[in-house]
>>> print(open('final31.tsv').read())   # TSV, C-alpha atoms and all ligand atoms
chain	number	residue	atom	x	y	z
X	202	MET	CA	209.12	30.85	168.38
X	203	LYS	CA	206.61	30.44	171.21
X	204	LYS	CA	203.52	32.64	171.25
X	205	ASP	CA	201.96	34.15	174.40
X	206	LEU	CA	198.66	35.93	174.92
X	207	ILE	CA	199.31	38.90	177.23
X	208	ASP	CA	197.30	41.61	175.46
X	209	ILE	CA	194.43	41.03	173.01
X	210	LEU	CA	196.44	43.07	170.48
X	211	ASP	CA	199.03	40.25	170.47
X	212	LEU	CA	196.57	38.59	168.10
X	213	THR	CA	195.72	39.85	164.62
X	214	ASN	CA	192.08	39.98	163.51
X	215	ASN	CA	192.85	37.06	161.19
X	216	GLU	CA	194.13	34.99	164.10
X	217	ILE	CA	191.03	35.88	166.14
X	218	ASP	CA	188.75	34.96	163.20
X	219	GLU	CA	190.63	31.66	162.83
X	220	MET	CA	190.10	30.86	166.53
X	221	ILE	CA	186.42	31.80	166.35
X	222	ASN	CA	186.04	29.40	163.40
X	223	VAL	CA	187.75	26.63	165.40
X	224	ALA	CA	185.46	27.38	168.37
X	225	PHE	CA	182.40	27.04	166.09
X	226	ASP	CA	183.75	23.69	164.89
X	227	ILE	CA	184.35	22.55	168.50
X	228	VAL	CA	180.71	23.36	169.30
X	229	GLU	CA	179.56	21.30	166.28
X	230	ASN	CA	182.07	18.45	166.44
X	231	PRO	CA	183.48	18.16	169.99
X	232	GLN	CA	184.46	14.52	169.43
X	233	ASN	CA	187.11	15.61	166.92
X	234	TYR	CA	188.99	17.40	169.71
X	235	TYR	CA	188.86	14.88	172.58
X	236	GLU	CA	192.49	13.74	172.20
X	237	LYS	CA	194.15	16.84	170.75
X	238	CYS	CA	196.01	17.61	173.99
X	239	LYS	CA	196.69	14.04	175.09
X	240	ASN	CA	199.88	14.05	177.21
X	241	LYS	CA	199.83	17.86	177.49
X	242	LYS	CA	199.60	19.69	180.80
X	243	MET	CA	198.49	23.20	181.64
X	244	ALA	CA	199.64	25.08	184.75
X	245	ILE	CA	196.80	27.22	186.09
X	246	LEU	CA	198.30	29.77	188.49
X	247	PHE	CA	195.66	32.01	190.03
X	248	TYR	CA	196.83	34.62	192.53
X	249	GLU	CA	193.30	36.14	192.55
X	250	PRO	CA	189.82	34.61	192.92
X	251	SER	CA	188.00	33.33	189.85
X	252	THR	CA	185.10	31.07	188.93
X	253	ARG	CA	184.63	31.31	185.16
X	254	THR	CA	188.13	31.87	183.86
X	255	ARG	CA	189.86	29.22	185.97
X	256	LEU	CA	187.19	26.56	185.65
X	257	SER	CA	186.60	27.16	181.94
X	258	PHE	CA	190.35	26.78	181.33
X	259	GLU	CA	190.31	23.56	183.35
X	260	SER	CA	187.26	22.31	181.51
X	261	ALA	CA	188.77	23.32	178.14
X	262	MET	CA	192.00	21.42	178.80
X	263	LEU	CA	190.13	18.34	180.07
X	264	ASP	CA	187.84	18.36	177.01
X	265	LEU	CA	190.97	18.38	174.83
X	266	GLY	CA	192.25	15.27	176.61
X	267	GLY	CA	194.94	17.15	178.53
X	268	ASN	CA	195.59	17.62	182.24
X	269	VAL	CA	195.81	20.59	184.57
X	270	LEU	CA	197.71	21.42	187.73
X	271	GLY	CA	198.30	24.56	189.72
X	272	PHE	CA	196.80	26.65	192.50
X	273	SER	CA	193.73	28.80	192.97
X	274	GLU	CA	195.07	30.39	196.13
X	275	ALA	CA	198.63	31.70	196.03
X	276	GLY	CA	198.80	31.39	199.83
X	277	SER	CA	198.85	27.60	199.49
X	278	SER	CA	202.00	27.73	197.32
X	279	SER	CA	205.57	28.92	197.93
X	280	VAL	CA	204.44	32.37	196.86
X	281	SER	CA	203.57	32.72	200.56
X	282	LYS	CA	207.28	32.25	201.34
X	283	GLY	CA	208.21	35.08	199.01
X	284	GLU	CA	208.83	33.28	195.71
X	285	SER	CA	208.79	35.60	192.70
X	286	VAL	CA	206.46	35.30	189.71
X	287	ALA	CA	209.51	34.57	187.51
X	288	ASP	CA	210.73	31.70	189.72
X	289	THR	CA	207.24	30.22	190.05
X	290	ALA	CA	206.83	30.32	186.26
X	291	LYS	CA	210.29	28.78	185.69
X	292	THR	CA	209.39	25.97	188.10
X	293	LEU	CA	206.09	25.23	186.38
X	294	GLU	CA	207.93	25.19	183.04
X	295	CYS	CA	209.68	22.05	184.36
X	296	PHE	CA	206.35	20.23	184.66
X	297	THR	CA	203.93	21.65	182.09
X	298	ASP	CA	203.51	22.72	178.46
X	299	ILE	CA	201.58	25.98	178.88
X	300	ILE	CA	200.89	28.44	181.73
X	301	THR	CA	197.72	30.40	182.45
X	302	MET	CA	198.12	33.11	185.09
X	303	ARG	CA	195.83	35.57	186.88
X	304	HIS	CA	197.50	38.13	189.12
X	305	PRO	CA	196.44	41.32	190.96
X	306	LYS	CA	199.58	43.12	189.71
X	307	GLU	CA	199.49	44.59	186.23
X	308	GLY	CA	202.20	43.04	184.07
X	309	ALA	CA	202.79	39.90	186.18
X	310	PRO	CA	201.84	37.46	183.36
X	311	PHE	CA	204.15	39.42	181.04
X	312	VAL	CA	207.01	38.94	183.51
X	313	ALA	CA	206.25	35.21	183.58
X	314	SER	CA	206.24	35.09	179.77
X	315	GLN	CA	209.69	36.69	179.64
X	316	ASN	CA	211.16	34.02	181.86
X	317	VAL	CA	209.95	30.79	180.27
X	318	ASN	CA	210.03	29.12	176.87
X	319	ILE	CA	206.46	27.81	176.99
X	320	PRO	CA	203.34	29.87	176.10
X	321	VAL	CA	201.89	32.09	178.84
X	322	ILE	CA	198.26	33.24	178.86
X	323	ASN	CA	197.17	36.33	180.79
X	324	ALA	CA	193.96	35.38	182.60
X	325	GLY	CA	193.56	38.90	184.02
X	326	ASP	CA	196.20	41.24	185.46
X	327	GLY	CA	195.00	43.88	187.90
X	328	SER	CA	192.78	46.45	186.22
X	329	HIS	CA	194.90	46.19	183.05
X	330	ASN	CA	193.80	43.47	180.60
X	331	HIS	CA	191.74	40.30	180.33
X	332	PRO	CA	192.35	39.06	176.77
X	333	THR	CA	190.69	35.64	177.11
X	334	GLN	CA	187.51	37.32	178.35
X	335	THR	CA	187.68	39.42	175.19
X	336	LEU	CA	188.01	36.32	173.01
X	337	THR	CA	184.93	35.02	174.83
X	338	ASP	CA	183.13	38.32	174.21
X	339	LEU	CA	184.02	38.37	170.51
X	340	PHE	CA	182.93	34.76	170.02
X	341	THR	CA	179.68	35.58	171.84
X	342	ILE	CA	179.02	38.69	169.73
X	343	LYS	CA	179.68	36.66	166.59
X	344	ARG	CA	177.27	33.93	167.75
X	345	GLU	CA	174.59	36.37	168.87
X	346	LYS	CA	174.76	38.95	166.07
X	347	GLY	CA	176.50	37.08	163.23
X	348	ARG	CA	179.06	39.85	162.80
X	349	LEU	CA	181.84	41.80	164.50
X	350	ASP	CA	181.43	45.01	162.52
X	351	ASN	CA	178.72	47.68	162.17
X	352	LEU	CA	177.82	47.65	165.85
X	353	THR	CA	177.00	50.20	168.52
X	354	ILE	CA	178.47	48.87	171.74
X	355	ALA	CA	177.63	50.38	175.11
X	356	CYS	CA	179.93	49.60	178.04
X	357	CYS	CA	178.25	50.45	181.32
X	358	GLY	CA	179.52	50.58	184.91
X	359	ASP	CA	183.10	50.61	186.14
X	360	LEU	CA	185.06	51.55	183.03
X	361	LYS	CA	188.07	52.68	185.06
X	362	PHE	CA	188.99	49.45	186.83
X	363	GLY	CA	187.12	46.97	184.62
X	364	ARG	CA	189.90	45.22	182.71
X	365	THR	CA	187.43	43.37	180.47
X	366	VAL	CA	186.22	46.70	179.08
X	367	HIS	CA	189.78	47.85	178.32
X	368	SER	CA	190.53	44.69	176.35
X	369	LEU	CA	187.14	44.75	174.60
X	370	ILE	CA	187.57	48.35	173.41
X	371	SER	CA	191.09	47.52	172.15
X	372	ALA	CA	189.83	44.52	170.19
X	373	MET	CA	186.63	46.01	168.77
X	374	SER	CA	188.40	49.19	167.66
X	375	ARG	CA	190.01	47.15	164.89
X	376	TYR	CA	186.67	46.24	163.26
X	377	GLU	CA	184.76	48.42	160.75
X	378	ASN	CA	182.11	50.94	161.79
X	379	ILE	CA	182.15	50.37	165.55
X	380	LYS	CA	180.68	53.07	167.78
X	381	PHE	CA	181.11	53.04	171.57
X	382	ILE	CA	178.79	54.55	174.15
X	383	LEU	CA	180.75	54.64	177.40
X	384	ILE	CA	178.38	54.92	180.35
X	385	SER	CA	179.82	55.49	183.81
X	386	PRO	CA	179.86	57.86	186.73
X	387	ASN	CA	182.48	60.58	186.33
X	388	GLU	CA	184.76	58.82	188.86
X	389	LEU	CA	184.79	55.58	186.84
X	390	LYS	CA	185.41	56.80	183.29
X	391	ILE	CA	187.79	54.90	181.00
X	392	PRO	CA	191.51	55.51	181.65
X	393	GLU	CA	193.21	58.21	179.61
X	394	HIS	CA	195.46	55.70	177.81
X	395	ILE	CA	192.40	53.88	176.38
X	396	ARG	CA	190.85	57.20	175.31
X	397	SER	CA	194.00	58.55	173.66
X	398	GLU	CA	195.90	55.45	172.51
X	399	ILE	CA	192.96	53.39	171.28
X	400	LEU	CA	189.87	55.50	170.61
X	401	LEU	CA	191.28	58.84	169.48
X	402	LYS	CA	194.30	57.38	167.72
X	403	ASN	CA	192.11	55.06	165.63
X	404	ASN	CA	189.39	57.67	164.97
X	405	ILE	CA	186.74	55.55	166.68
X	406	GLU	CA	183.42	57.26	167.29
X	407	PHE	CA	182.58	57.34	171.00
X	408	ILE	CA	180.39	59.14	173.50
X	409	GLU	CA	181.07	59.38	177.23
X	410	THR	CA	177.93	59.81	179.30
X	411	ALA	CA	176.47	59.07	182.72
X	412	SER	CA	173.04	58.18	181.29
X	413	LEU	CA	172.05	54.67	180.22
X	414	GLU	CA	168.44	55.68	179.52
X	415	LYS	CA	169.41	58.41	177.05
X	416	TYR	CA	171.09	56.04	174.59
X	417	ILE	CA	169.41	52.69	175.26
X	418	SER	CA	167.41	52.67	171.99
X	419	GLU	CA	170.61	52.95	169.86
X	420	ILE	CA	172.52	50.05	171.35
X	421	ASP	CA	173.28	46.66	169.68
X	422	ILE	CA	175.47	45.27	172.48
X	423	LEU	CA	175.01	46.35	176.09
X	424	TYR	CA	178.11	45.28	178.05
X	425	MET	CA	177.31	45.64	181.75
X	426	THR	CA	180.10	45.49	184.37
X	427	ARG	CA	180.24	45.38	188.15
X	428	VAL	CA	181.96	48.08	190.19
X	429	GLN	CA	185.31	46.47	191.08
X	430	ARG	CA	185.33	46.65	194.86
X	431	GLU	CA	188.77	45.04	195.15
X	432	ARG	CA	190.44	47.89	193.23
X	433	PHE	CA	189.10	50.72	195.41
X	434	PHE	CA	191.34	52.33	198.04
X	435	ASN	CA	188.34	53.76	199.86
X	436	GLU	CA	185.38	51.57	200.92
X	437	GLU	CA	183.06	54.58	201.34
X	438	GLU	CA	183.72	55.58	197.75
X	439	TYR	CA	182.88	52.04	196.61
X	440	ILE	CA	179.62	52.06	198.58
X	441	ARG	CA	178.69	55.42	197.09
X	442	LEU	CA	179.27	54.21	193.52
X	443	LYS	CA	178.39	50.51	193.60
X	444	ASP	CA	174.74	50.86	192.59
X	445	SER	CA	175.23	53.56	189.96
X	446	TYR	CA	173.52	51.35	187.35
X	447	ILE	CA	171.01	48.59	187.94
X	448	LEU	CA	169.50	47.18	184.75
X	449	THR	CA	165.81	46.40	185.31
X	450	PRO	CA	163.11	45.45	182.74
X	451	ASP	CA	161.64	48.97	182.66
X	452	LYS	CA	164.96	50.34	181.40
X	453	LEU	CA	164.71	48.08	178.33
X	454	ILE	CA	161.31	49.33	177.12
X	455	THR	CA	162.83	51.33	174.25
X	456	ALA	CA	165.76	48.96	173.63
X	457	LYS	CA	166.16	47.12	170.31
X	458	LYS	CA	164.38	43.78	170.01
X	459	ASP	CA	167.67	42.18	168.96
X	460	LEU	CA	169.82	43.82	171.63
X	461	SER	CA	172.38	41.47	173.24
X	462	ILE	CA	173.10	42.00	176.93
X	463	LEU	CA	176.56	40.82	177.92
X	464	HIS	CA	178.34	40.80	181.27
X	465	PRO	CA	181.70	39.15	181.96
X	466	LEU	CA	180.31	38.10	185.38
X	467	PRO	CA	180.38	37.83	188.35
X	468	ARG	CA	177.26	39.95	188.72
X	469	VAL	CA	176.66	41.73	192.01
X	470	ASN	CA	173.66	44.02	191.70
X	471	GLU	CA	173.98	45.67	188.31
X	472	ILE	CA	171.57	43.40	186.41
X	473	SER	CA	168.30	42.49	188.07
X	474	VAL	CA	167.69	38.72	188.06
X	475	GLU	CA	164.37	39.41	186.29
X	476	ILE	CA	166.39	40.24	183.19
X	477	ASP	CA	167.70	36.65	183.08
X	478	LYS	CA	164.37	35.53	181.57
X	479	ASP	CA	164.69	38.00	178.69
X	480	SER	CA	165.99	36.25	175.54
X	481	ARG	CA	168.33	39.21	175.03
X	482	ALA	CA	170.24	38.31	178.21
X	483	ALA	CA	173.28	36.53	176.76
X	484	TYR	CA	175.61	36.50	179.77
X	485	PHE	CA	175.28	32.85	180.72
X	486	ARG	CA	175.61	31.84	177.06
X	487	GLN	CA	178.70	34.07	177.09
X	488	ALA	CA	180.12	32.17	180.10
X	489	LYS	CA	179.56	28.87	178.26
X	490	ASN	CA	181.25	30.21	175.13
X	491	GLY	CA	184.35	30.87	177.25
X	492	LYS	CA	185.24	27.19	177.28
X	493	PHE	CA	185.04	26.72	173.50
X	494	ILE	CA	187.14	29.73	172.60
X	495	ARG	CA	189.71	28.84	175.30
X	496	MET	CA	189.95	25.37	173.73
X	497	ALA	CA	190.70	27.06	170.40
X	498	LEU	CA	193.29	29.30	172.06
X	499	ILE	CA	195.09	26.39	173.76
X	500	LEU	CA	195.29	24.56	170.41
X	501	LYS	CA	196.69	27.65	168.73
X	502	LEU	CA	199.35	28.42	171.36
X	503	LEU	CA	200.44	24.78	171.52
X	504	GLY	CA	200.68	24.71	167.71
X	505	LEU	CA	198.23	21.79	167.47
X	601	LIG	N1	184.76	36.96	183.82
X	601	LIG	C1	185.64	36.55	184.74
X	601	LIG	O1	186.83	36.82	184.65
X	601	LIG	O2	185.10	35.84	185.78
X	601	LIG	P1	185.92	35.18	186.94
X	601	LIG	O3	186.53	36.29	187.75
X	601	LIG	O4	184.93	34.37	187.73
X	601	LIG	O5	187.01	34.35	186.32
>>> encode(input="final31.tsv", output="structure tokens")
Amino acid sequence: MKKDLIDILDLTNNEIDEMINVAFDIVENPQNYYEKCKNKKMAILFYEPSTRTRLSFESAMLDLGGNVLGFSEAGSSSVSKGESVADTAKTLECFTDIITMRHPKEGAPFVASQNVNIPVINAGDGSHNHPTQTLTDLFTIKREKGRLDNLTIACCGDLKFGRTVHSLISAMSRYENIKFILISPNELKIPEHIRSEILLKNNIEFIETASLEKYISEIDILYMTRVQRERFFNEEEYIRLKDSYILTPDKLITAKKDLSILHPLPRVNEISVEIDKDSRAAYFRQAKNGKFIRMALILKLLGL
């Protein structure tokens, strides 16, 4: 039976650990993987802008010896003539072995997965989920901290619309002794379904607060996010909230020496560029890790 990745919870912790181990091996021995996807093609269908996810998938497939085709702008495809997600996916199934899709509508990659017999990867659907970013985040945490348990993780910024945060909380809630500090303005708190279905249901310790300064000294992983302008209905509201948190060096004075600062990127204004020089700033290492873990994911879904 084919396997898709629509939600991070489609994968067990064992499967994630397995992929992380493969990603470590790819980092050490890339030459062993150069031909693994020879004669395989990936369709990359992006209905929304992207830099990291799209190009790291392309790079991942190329480094595995495979090929990619698709679009980065739905307007240049027959989507502009009204073609449905299901029909587009069925068409790409004729030409490729695996589909990666980003879409502004929640559930669109799931619809694609239900209509084809090849694996479908959700590369971000609306403000819902972003499971391959979470694989990237987990691989990065493992590389930076050496563990995925016994961590205090602060998520800061737009926790309402930020799909990477939703997937990260879902994934990390399955590891031992994880505590979340959820830092946001009142208007951008995590959705109720994450609070009730993930955190409360699994008895995960969490604090919701508007203050980054108050908890900074307790944090192992600081996961900064941008305020998601494209999800707001009201531009004035976005402008009012967009600079709620700006991480500057003075805010890190009491932070742990081995803190890891993550950000899925793109960054707008929420981390000062001065922080980039701090060895605790892991966000560009995180972006690089995205390729290795996506290589491991492609191999898994193609059964290679
Ligand atoms: N992190 C992430 O999804 O970045 P892109 O939007 O550039 O793909």
>>> residues_near_ligand(input="final31.tsv", ligand="ligand LIG 601 (chain X)", cutoff="12 Å", atoms="all atoms listed in the file", output="PyMOL selection string")
chain X and resi 247-259+273+302-305+323-328+330-338+363-366+425-427+429+431+463-469+484-485+487-492
>>> atom_distance(input="final31.tsv", atom1="CA of Leu505 (chain X)", atom2="CA of Asp211 (chain X)")
18.7 Å
>>> atom_distance(input="final31.tsv", atom1="CA of Gly271 (chain X)", atom2="CA of Ala309 (chain X)")
16.4 Å
>>> residues_near_point(input="final31.tsv", point="(177.2, 45.3, 167.0)", cutoff="10 Å", atoms="all atoms listed in the file", output="ChimeraX atom specification")
/X:342-343,345-355,373,378-381,420-423,460-461
>>> residues_around(input="final31.tsv", residues="region 289-294 of chain X", least_positions_apart="5", cutoff="8 Å", atoms="all atoms listed in the file", output="compact mmCIF listing (two decimals) with C-alpha atoms, in the frame of the given file")
# COMPACT_ATOMS: atom_id res chain seq x y z
CA ALA X 244 199.64 25.08 184.75
CA VAL X 280 204.44 32.37 196.86
CA GLU X 284 208.83 33.28 195.71
CA ILE X 299 201.58 25.98 178.88
CA ILE X 300 200.89 28.44 181.73
CA ALA X 313 206.25 35.21 183.58
CA ASN X 316 211.16 34.02 181.86
CA VAL X 317 209.95 30.79 180.27
CA ASN X 318 210.03 29.12 176.87
CA ILE X 319 206.46 27.81 176.99
>>> closest_residue(input="final31.tsv", among="X:Glu377, X:Thr341, X:Cys356, X:His329", to="His394 (chain X)", atoms="all atoms listed in the file")
X:His329
>>> closest_residue(input="final31.tsv", among="X:Asp205, X:Glu274, X:Asp226, X:Asp444", to="Ile322 (chain X)", atoms="all atoms listed in the file")
X:Asp205
>>> closest_residue(input="final31.tsv", among="X:Val286, X:Leu389, X:Ser397, X:Ile384", to="Thr410 (chain X)", atoms="all atoms listed in the file")
X:Ile384
>>> closest_residue(input="final31.tsv", among="X:Leu206, X:Leu383, X:Leu401, X:Leu246", to="Ser314 (chain X)", atoms="all atoms listed in the file")
X:Leu206
